[in-house]
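Peer 1: Contents of entry.txt (compact mmCIF, C-alpha atoms):
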# COMPACT_ATOMS: atom_id res chain seq x y z
CA MET A 268 43.05 -28.62 54.88
CA SER A 269 41.27 -27.76 58.14
CA SER A 270 41.45 -30.13 61.12
CA PRO A 271 38.60 -32.42 62.19
CA VAL A 272 36.16 -31.07 64.78
CA ILE A 273 35.77 -33.09 67.99
CA ALA A 274 33.04 -32.70 70.61
CA THR A 275 32.16 -34.58 73.80
CA ASP A 276 29.36 -34.55 76.32
CA THR A 277 28.87 -36.61 79.45
CA ASP A 278 26.38 -36.76 82.31
CA GLN A 279 26.66 -38.57 85.61
CA GLY A 280 22.95 -39.24 85.85
CA PRO A 281 21.60 -40.94 88.97
CA ARG A 282 24.80 -42.90 89.60
CA PRO A 283 26.73 -41.99 92.79
CA SER A 284 29.85 -41.19 90.75
CA GLN A 285 30.95 -40.47 87.19
CA GLN A 286 33.05 -43.35 85.91
CA ASP A 287 32.92 -42.59 82.18
CA ALA A 288 35.99 -41.03 80.61
CA CYS A 289 37.05 -39.88 77.16
CA ALA A 290 40.18 -38.58 75.47
CA HIS A 291 41.05 -37.34 72.00
CA GLN A 292 43.78 -35.64 70.04
CA VAL A 293 44.36 -34.38 66.50
CA GLU A 294 47.57 -35.01 64.58
CA SER A 295 48.28 -31.52 63.26
CA ALA A 296 50.77 -32.67 60.63
CA SER A 297 48.33 -35.07 58.93
CA ASP A 298 44.87 -34.00 60.20
CA GLY A 299 44.49 -37.51 61.56
CA TRP A 300 42.92 -38.18 64.96
CA ARG A 301 42.80 -40.59 67.88
CA ALA A 302 40.00 -40.96 70.41
CA ALA A 303 38.73 -43.24 73.15
CA VAL A 304 35.72 -43.64 75.42
CA ALA A 305 36.08 -45.73 78.58
CA ASP A 306 33.43 -46.84 81.07
CA GLY A 307 34.67 -47.84 84.51
CA PHE A 308 32.92 -50.45 86.62
CA GLY A 309 33.23 -51.83 90.11
CA ASP A 310 33.40 -50.34 93.58
CA HIS A 311 37.09 -49.52 93.72
CA PRO A 312 37.59 -45.87 94.75
CA ASP A 313 40.09 -45.34 91.90
CA THR A 314 37.82 -46.62 89.12
CA ALA A 315 37.13 -43.17 87.65
CA ARG A 316 40.84 -42.31 87.60
CA ALA A 317 41.64 -45.67 86.02
CA ALA A 318 39.07 -45.14 83.26
CA GLN A 319 40.54 -41.72 82.48
CA LEU A 320 44.07 -43.15 82.48
CA ALA A 321 43.00 -45.91 80.10
CA ALA A 322 41.47 -43.40 77.67
CA ASP A 323 44.47 -41.05 77.87
CA THR A 324 46.99 -43.86 77.43
CA ALA A 325 45.25 -45.37 74.42
CA THR A 326 44.96 -42.00 72.74
CA SER A 327 48.65 -41.18 73.12
CA ALA A 328 50.06 -44.68 72.48
CA PRO A 329 51.89 -45.46 69.22
CA GLY A 330 51.06 -48.33 66.90
CA GLU A 331 47.68 -49.70 65.91
CA ALA A 332 44.44 -49.41 67.86
CA ALA A 333 44.86 -52.88 69.42
CA ASP A 334 48.38 -51.99 70.58
CA ALA A 335 46.98 -48.83 72.19
CA LEU A 336 44.37 -50.81 74.09
CA LEU A 337 47.02 -53.20 75.43
CA ALA A 338 49.07 -50.18 76.52
CA ALA A 339 46.01 -48.94 78.44
CA ALA A 340 45.68 -52.34 80.12
CA ARG A 341 49.30 -52.20 81.32
CA ALA A 342 48.86 -48.63 82.55
CA ILE A 343 45.82 -49.19 84.76
CA THR A 344 46.99 -52.49 86.25
CA ARG A 345 50.27 -50.83 87.21
CA ALA A 346 48.85 -47.51 88.49
CA HIS A 347 45.48 -48.65 89.89
CA PRO A 348 45.54 -52.38 90.66
CA GLY A 349 42.09 -53.77 91.29
CA THR A 350 40.33 -51.31 88.99
CA ASP A 351 38.77 -52.09 85.63
CA CYS A 352 36.83 -50.57 82.74
CA VAL A 353 35.62 -51.26 79.23
CA MET A 354 36.73 -49.11 76.32
CA ALA A 355 36.50 -48.41 72.61
CA HIS A 356 39.41 -46.76 70.83
CA ALA A 357 39.82 -45.66 67.22
CA ARG A 358 42.37 -43.76 65.17
CA GLN A 359 42.64 -42.42 61.63
CA ASP A 360 46.06 -41.39 60.34
CA ALA A 361 44.78 -39.09 57.58
CA PRO A 362 41.33 -37.94 56.41
CA ASP A 363 40.97 -40.49 53.59
CA ASP A 364 42.50 -43.45 55.47
CA PRO A 365 40.47 -46.29 56.96
CA ILE A 366 39.54 -45.96 60.63
CA ASP A 367 41.37 -48.46 62.86
CA ILE A 368 39.13 -49.65 65.72
CA ALA A 369 39.73 -51.77 68.82
CA TRP A 370 37.48 -52.44 71.80
CA VAL A 371 36.75 -54.56 74.85
CA GLY A 372 33.37 -54.63 76.54
CA ASP A 373 30.37 -52.67 75.36
CA CYS A 374 31.47 -49.17 74.36
CA ARG A 375 30.65 -48.67 70.68
CA VAL A 376 32.08 -46.97 67.61
CA TRP A 377 29.81 -45.86 64.77
CA THR A 378 30.30 -43.96 61.52
CA TRP A 379 27.90 -41.80 59.56
CA SER A 380 27.93 -40.42 56.02
CA PRO A 381 24.98 -39.09 54.00
CA GLY A 382 25.00 -42.03 51.60
CA GLU A 383 25.64 -44.74 54.18
CA GLY A 384 23.69 -43.55 57.21
CA LEU A 385 24.63 -44.67 60.71
CA ARG A 386 26.68 -47.87 60.93
CA GLN A 387 27.87 -49.69 64.06
CA HIS A 388 31.36 -51.19 63.72
CA THR A 389 31.89 -52.75 67.15
CA ARG A 390 30.14 -55.82 68.52
CA ASP A 391 29.45 -55.81 72.25
CA HIS A 392 31.50 -58.21 74.36
CA THR A 393 28.62 -59.07 76.70
CA HIS A 394 26.80 -62.18 77.81
CA GLY A 395 23.67 -60.65 76.31
CA GLN A 396 25.27 -60.49 72.86
CA GLU A 397 26.45 -64.09 73.19
CA LEU A 398 22.85 -65.11 73.90
CA ARG A 399 21.65 -63.20 70.83
CA ASP A 400 24.25 -65.03 68.76
CA ARG A 401 22.64 -68.25 69.96
CA TRP A 402 19.16 -67.01 69.00
CA ALA A 403 18.00 -66.54 72.60
CA SER A 404 14.99 -64.32 73.21
CA ASP A 405 15.62 -60.59 73.27
CA ASP A 406 14.17 -60.32 76.79
CA LEU A 407 16.69 -62.86 78.10
CA ALA A 408 19.53 -61.20 76.20
CA ARG A 409 18.64 -57.76 77.54
CA ALA A 410 18.76 -59.07 81.09
CA CYS A 411 22.41 -60.06 80.49
CA ASP A 412 23.56 -57.02 78.52
CA HIS A 413 25.35 -55.51 81.51
CA THR A 414 27.55 -58.58 82.05
CA VAL A 415 30.69 -57.89 80.04
CA THR A 416 32.92 -60.73 78.89
CA THR A 417 36.11 -58.71 78.28
CA SER A 418 37.63 -55.70 80.01
CA VAL A 419 40.71 -53.50 79.83
CA ALA A 420 42.45 -54.86 82.95
CA THR A 421 42.04 -58.50 81.89
CA ALA A 422 42.49 -58.13 78.13
CA GLY A 423 45.04 -60.17 76.24
CA PRO A 424 45.63 -59.82 72.48
CA GLU A 425 43.08 -62.57 71.76
CA ASP A 426 40.35 -60.78 73.74
CA ILE A 427 40.41 -57.49 71.84
CA GLY A 428 37.87 -56.87 69.12
CA THR A 429 39.35 -55.22 66.04
CA THR A 430 37.99 -53.95 62.76
CA THR A 431 38.47 -51.18 60.22
CA ALA A 432 35.84 -48.78 58.94
CA PRO A 433 35.92 -46.73 55.74
CA ALA A 434 36.62 -43.02 56.06
CA ALA A 435 33.37 -41.24 56.91
CA ASP A 436 31.99 -37.77 57.47
CA LEU A 437 31.46 -38.47 61.15
CA THR A 438 32.70 -40.98 63.75
CA LEU A 439 30.67 -41.48 66.92
CA PHE A 440 31.60 -43.14 70.23
CA THR A 441 28.93 -44.05 72.80
CA CYS A 442 28.92 -45.80 76.15
CA ASP A 443 26.14 -48.17 77.16
CA GLY A 444 24.42 -45.41 79.11
CA VAL A 445 23.51 -43.94 75.71
CA HIS A 446 23.05 -46.80 73.26
CA ASP A 447 21.29 -49.17 75.68
CA TYR A 448 18.52 -46.59 76.11
CA VAL A 449 18.33 -44.63 72.85
CA ASP A 450 16.68 -46.61 70.08
CA GLU A 451 19.03 -47.01 67.11
CA ARG A 452 16.48 -45.51 64.72
CA LEU A 453 16.18 -42.43 66.90
CA MET A 454 19.96 -42.25 67.18
CA ALA A 455 20.26 -42.37 63.39
CA GLU A 456 17.73 -39.53 63.07
CA LEU A 457 19.55 -37.39 65.63
CA VAL A 458 22.89 -37.96 63.92
CA ALA A 459 21.49 -37.11 60.50
CA ASP A 460 19.82 -33.96 61.85
CA HIS A 461 22.90 -32.66 63.69
CA ALA A 462 25.87 -34.17 61.84
CA HIS A 463 26.97 -30.69 60.79
CA ASP A 464 27.20 -29.53 64.42
CA PRO A 465 29.15 -31.96 66.68
CA ASP A 466 28.61 -29.88 69.84
CA THR A 467 24.85 -30.03 69.43
CA LEU A 468 24.90 -33.69 68.41
CA VAL A 469 26.67 -34.97 71.53
CA ARG A 470 24.34 -32.90 73.69
CA VAL A 471 21.14 -34.21 72.11
CA LEU A 472 22.38 -37.81 72.31
CA VAL A 473 23.03 -37.50 76.05
CA ASP A 474 19.72 -35.66 76.49
CA ALA A 475 17.94 -38.46 74.62
CA ALA A 476 19.45 -41.00 77.01
CA ARG A 477 18.16 -39.02 79.97
CA GLU A 478 14.71 -38.70 78.40
CA ALA A 479 14.72 -42.48 77.95
CA GLU A 480 15.36 -42.76 81.71
CA SER A 481 18.93 -44.05 81.45
CA THR A 482 20.14 -44.94 84.95
CA ASP A 483 23.81 -45.02 83.95
CA ASN A 484 26.53 -42.48 83.21
CA ALA A 485 25.97 -41.28 79.64
CA THR A 486 28.78 -40.19 77.32
CA ALA A 487 29.07 -39.41 73.60
CA LEU A 488 32.09 -38.33 71.56
CA VAL A 489 31.83 -37.16 67.96
CA ILE A 490 34.52 -36.50 65.37
CA ARG A 491 33.46 -34.53 62.32
CA SER A 492 35.94 -34.95 59.48
CA ALA A 493 37.26 -31.84 57.86
CA PRO A 494 35.31 -31.12 54.65
CA ALA A 495 37.20 -31.66 51.44
CA PRO A 496 38.39 -28.41 49.89
CA VAL A 497 35.89 -27.05 47.40
CA ALA A 498 37.37 -26.12 44.05
CA PRO A 499 36.34 -22.72 42.71
CA ARG A 500 33.36 -23.00 40.39
CA THR A 501 34.21 -22.52 36.75
CA ARG A 502 32.33 -20.14 34.51
CA GLN A 503 30.91 -23.18 32.77
CA GLU A 504 29.46 -24.50 36.03
CA ARG A 505 28.00 -21.13 36.89
CA LEU A 506 26.53 -20.88 33.41
CA LEU A 507 24.96 -24.34 33.64
CA ASP A 508 23.38 -23.42 36.96
CA GLY A 509 21.85 -20.40 35.27
CA LEU A 510 20.52 -22.48 32.40
CA GLU A 511 18.95 -24.97 34.77
CA SER A 512 17.17 -22.21 36.65
CA PHE A 513 16.01 -20.39 33.49
CA GLY A 514 12.24 -20.10 33.57
CA ALA A 515 12.00 -21.34 37.14
CA PRO A 516 9.70 -19.56 39.62
CA GLY A 517 11.42 -16.51 41.02
CA CYS A 518 13.87 -16.23 38.12
CA PRO A 519 14.46 -12.51 37.47
CA PRO A 520 12.98 -11.20 34.21
CA GLU A 521 16.40 -10.08 32.97
CA SER A 522 17.85 -13.61 33.36
CA PRO A 523 17.50 -14.52 29.65
CA GLU A 524 19.53 -11.49 28.62
CA LEU A 525 22.16 -12.21 31.25
CA LEU A 526 22.42 -15.80 30.10
CA LEU A 527 22.72 -14.77 26.47
CA ASP A 528 25.54 -12.41 27.46
CA ALA A 529 27.22 -15.25 29.35
CA LEU A 530 26.91 -17.50 26.31
CA ALA A 531 28.50 -14.84 24.14
CA GLU A 532 31.33 -14.26 26.61
CA ASP A 533 32.02 -17.95 27.01
CA ARG A 534 31.97 -18.48 23.29
CA ALA A 535 34.73 -15.91 22.97
CA ALA A 536 36.66 -17.61 25.80
CA GLY A 537 36.23 -21.08 24.29
CA ILE A 538 34.16 -22.52 27.17
CA ALA A 539 31.61 -25.19 26.35
CA CYS A 540 28.46 -26.57 27.91
CA ASP A 541 25.98 -29.24 26.95
CA ARG A 542 22.75 -27.31 27.50
CA PHE A 543 20.73 -24.91 25.41
CA LEU A 544 18.82 -21.69 25.80
CA LEU A 545 15.77 -20.73 23.74
CA ARG A 546 15.24 -16.99 23.29
CA ASP A 547 13.06 -15.14 20.75
CA GLY A 548 12.79 -18.17 18.50
CA THR A 549 16.52 -18.80 18.46
CA THR A 550 18.13 -21.80 20.12
CA TYR A 551 21.62 -21.16 21.48
CA TRP A 552 23.68 -24.09 22.60
CA CYS A 553 27.17 -25.46 22.63
CA THR A 554 28.59 -28.96 22.76
CA LYS A 555 31.80 -30.56 23.90
CA ASP A 556 33.74 -32.78 21.55
CA SER A 557 34.24 -36.49 22.21
CA ASP A 558 37.02 -36.05 24.77
CA HIS A 559 34.68 -34.04 27.02
CA THR A 560 37.06 -31.13 27.43
CA ASP A 561 36.56 -27.44 26.92
CA HIS A 562 38.79 -27.40 23.85
CA HIS A 563 37.79 -27.54 20.19
CA VAL A 564 34.20 -26.74 20.92
CA SER A 565 31.45 -26.10 18.43
CA TRP A 566 28.88 -23.38 18.94
CA HIS A 567 25.58 -23.35 17.14
CA GLY A 568 22.84 -20.81 16.77
CA VAL A 569 19.86 -21.97 14.74
CA THR A 570 16.70 -19.99 14.03
CA TRP A 571 13.54 -22.05 13.84
Could you write out this file's structure as structure tokens?
Peer 2:
Amino acid sequence: MSSPVIATDTDQGPRPSQQDACAHQVESASDGWRAAVADGFGDHPDTARAAQLAADTATSAPGEAADALLAAARAITRAHPGTDCVMAHARQDAPDDPIDIAWVGDCRVWTWSPGEGLRQHTRDHTHGQELRDRWASDDLARACDHTVTTSVATAGPEDIGTTTAPAADLTLFTCDGVHDYVDERLMAELVADHAHDPDTLVRVLVDAAREAESTDNATALVIRSAPAPVAPRTRQERLLDGLESFGAPGCPPESPELLLDALAEDRAAGIACDRFLLRDGTTYWCTKDSDHTDHHVSWHGVTW
């Protein structure tokens, strides 16, 4: 199985310094991954270095996602006392496993799959979100969205948000410089349009934040899961595709003859299908028996 594809993009914007940081790694033995996005705050001159240390430490730490975040807290308070940041961290041990998520503050983790769309799995630790939970007006809540209620340097086990998300085609991390400015509906459209290309996706998300006049550092990290291996198509599947396209616009004139030949060849090989082909007044079809296998099949050719 091929490894997941990871892409990041970040932009300092009008801020005097870049205090966002991200880190990621792939577990080559299992095709699992770990990733983090941190957003430093405050005027300490080491804030940017602390945010990067927090992201690096969480990504390399053993244990669960919450343990990794506590390891990051110990690392920055020891190496850069007085600094602080918020962070979201997630890890997936293998492609089909649930995604383990932990966070403090207002960095977010999302997943996307074609059937599920874009889903947010973190809940901001901000005064603005607390006001929303109390049914305050959105205008009042927005005014308090930048006041975080938890942070890496101050986090204890009870302060860390944790959840698990089902395995998905794509996992997305954003800092508030992206999701506070890019409407969620637009974000969902951008993800759906570019989910196949992580490098383009992170770039258009950061560009969208800038177009929305984000005044903050803007960072996005995307993990595209490795596609499941595709089994070789059987002759039966190829035959059924041909039957479905028979008579369709653009179907070559010789297609009926080719399909009749395929039916004859598959009859000799004992392969069954559940469709039919009408040619020159004769209906050719084959059926599977009750166990839906390709064995003990019956072929029929009836002239009407």
Peer 1: Would you please work out which residue, of A:Thr429, A:Pro362, A:Asp460, A:Cys352, is nearest to A:Thr416 when using all atoms listed in the file?
Peer 2: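 Nearest to A:Thr416: A:Cys352.
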Peer 1: Mind giving me the straight-line distance from atom CA of A:Arg491 to atom CA of A:Ala303 in Å, one decimal?
Peer 2: 14.9 Å
Peer 1: Considering all atoms listed in the file, state which residue in the set A:Cys442, A:Ala403, A:Cys289, A:Ile490 is at the smallest distance from A:Ile366.
Peer 2: A:Ile490
Peer 1: When distances are computed from all atoms listed in the file, which of A:Ala420, A:Ala410, A:Ala432, A:Ala328 shows the smallest separation from A:Gly307?
Peer 2: A:Ala420
Peer 1: Quick one: everything within 10 Å of A:Arg452, counting all atoms listed in the file, minus sequence neighbours fewer than 5 positions away in the same chain. Send it as a list in words.
Peer 2: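 Once the adjacent positions are removed, what remains is Leu385, Leu457 and Val458 of chain A.
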Peer 1: So how far away is atom CA of A:Leu398 from atom CA of A:Ala479, in Å?
Peer 2: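 Going from atom CA of A:Ala479 over to atom CA of A:Leu398, I get 24.4 Å.
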Peer 1: So the first atom is atom CA of A:Val353 and the second is atom CA of A:Leu320; what is the distance between them in Å, to one decimal place?
Peer 2: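 That distance, rounded to one decimal, is 12.2 Å.
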Peer 1: A:Gly382, A:Pro433, A:Gly349, A:Pro329: which is nearest A:Phe308, counting all atoms listed in the file?
Peer 2: A:Gly349
Peer 1: Can you pull out the residues contacting A:Ala288? Cut-off 12 Å, using only C-alpha atoms, and skip same-chain residues under 4 positions away; I want them as a compact mmCIF listing (two decimals) with C-alpha atoms, in the frame of the given file.
Peer 2:
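Okay, this is what ended up in out12.txt:
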# COMPACT_ATOMS: atom_id res chain seq x y z
CA THR A 275 32.16 -34.58 73.80
CA ASP A 276 29.36 -34.55 76.32
CA THR A 277 28.87 -36.61 79.45
CA ASP A 278 26.38 -36.76 82.31
CA GLN A 279 26.66 -38.57 85.61
CA SER A 284 29.85 -41.19 90.75
CA ALA A 302 40.00 -40.96 70.41
CA ALA A 303 38.73 -43.24 73.15
CA VAL A 304 35.72 -43.64 75.42
CA ALA A 305 36.08 -45.73 78.58
CA ASP A 306 33.43 -46.84 81.07
CA GLY A 307 34.67 -47.84 84.51
CA PHE A 308 32.92 -50.45 86.62
CA THR A 314 37.82 -46.62 89.12
CA ALA A 315 37.13 -43.17 87.65
CA ARG A 316 40.84 -42.31 87.60
CA ALA A 317 41.64 -45.67 86.02
CA ALA A 318 39.07 -45.14 83.26
CA GLN A 319 40.54 -41.72 82.48
CA LEU A 320 44.07 -43.15 82.48
CA ALA A 321 43.00 -45.91 80.10
CA ALA A 322 41.47 -43.40 77.67
CA ASP A 323 44.47 -41.05 77.87
CA THR A 324 46.99 -43.86 77.43
CA ALA A 325 45.25 -45.37 74.42
CA THR A 326 44.96 -42.00 72.74
CA CYS A 352 36.83 -50.57 82.74
CA VAL A 353 35.62 -51.26 79.23
CA MET A 354 36.73 -49.11 76.32
CA ALA A 355 36.50 -48.41 72.61
CA HIS A 356 39.41 -46.76 70.83
CA CYS A 374 31.47 -49.17 74.36
CA PHE A 440 31.60 -43.14 70.23
CA THR A 441 28.93 -44.05 72.80
CA CYS A 442 28.92 -45.80 76.15
CA ASN A 484 26.53 -42.48 83.21
CA ALA A 485 25.97 -41.28 79.64
CA THR A 486 28.78 -40.19 77.32
CA ALA A 487 29.07 -39.41 73.60
CA LEU A 488 32.09 -38.33 71.56
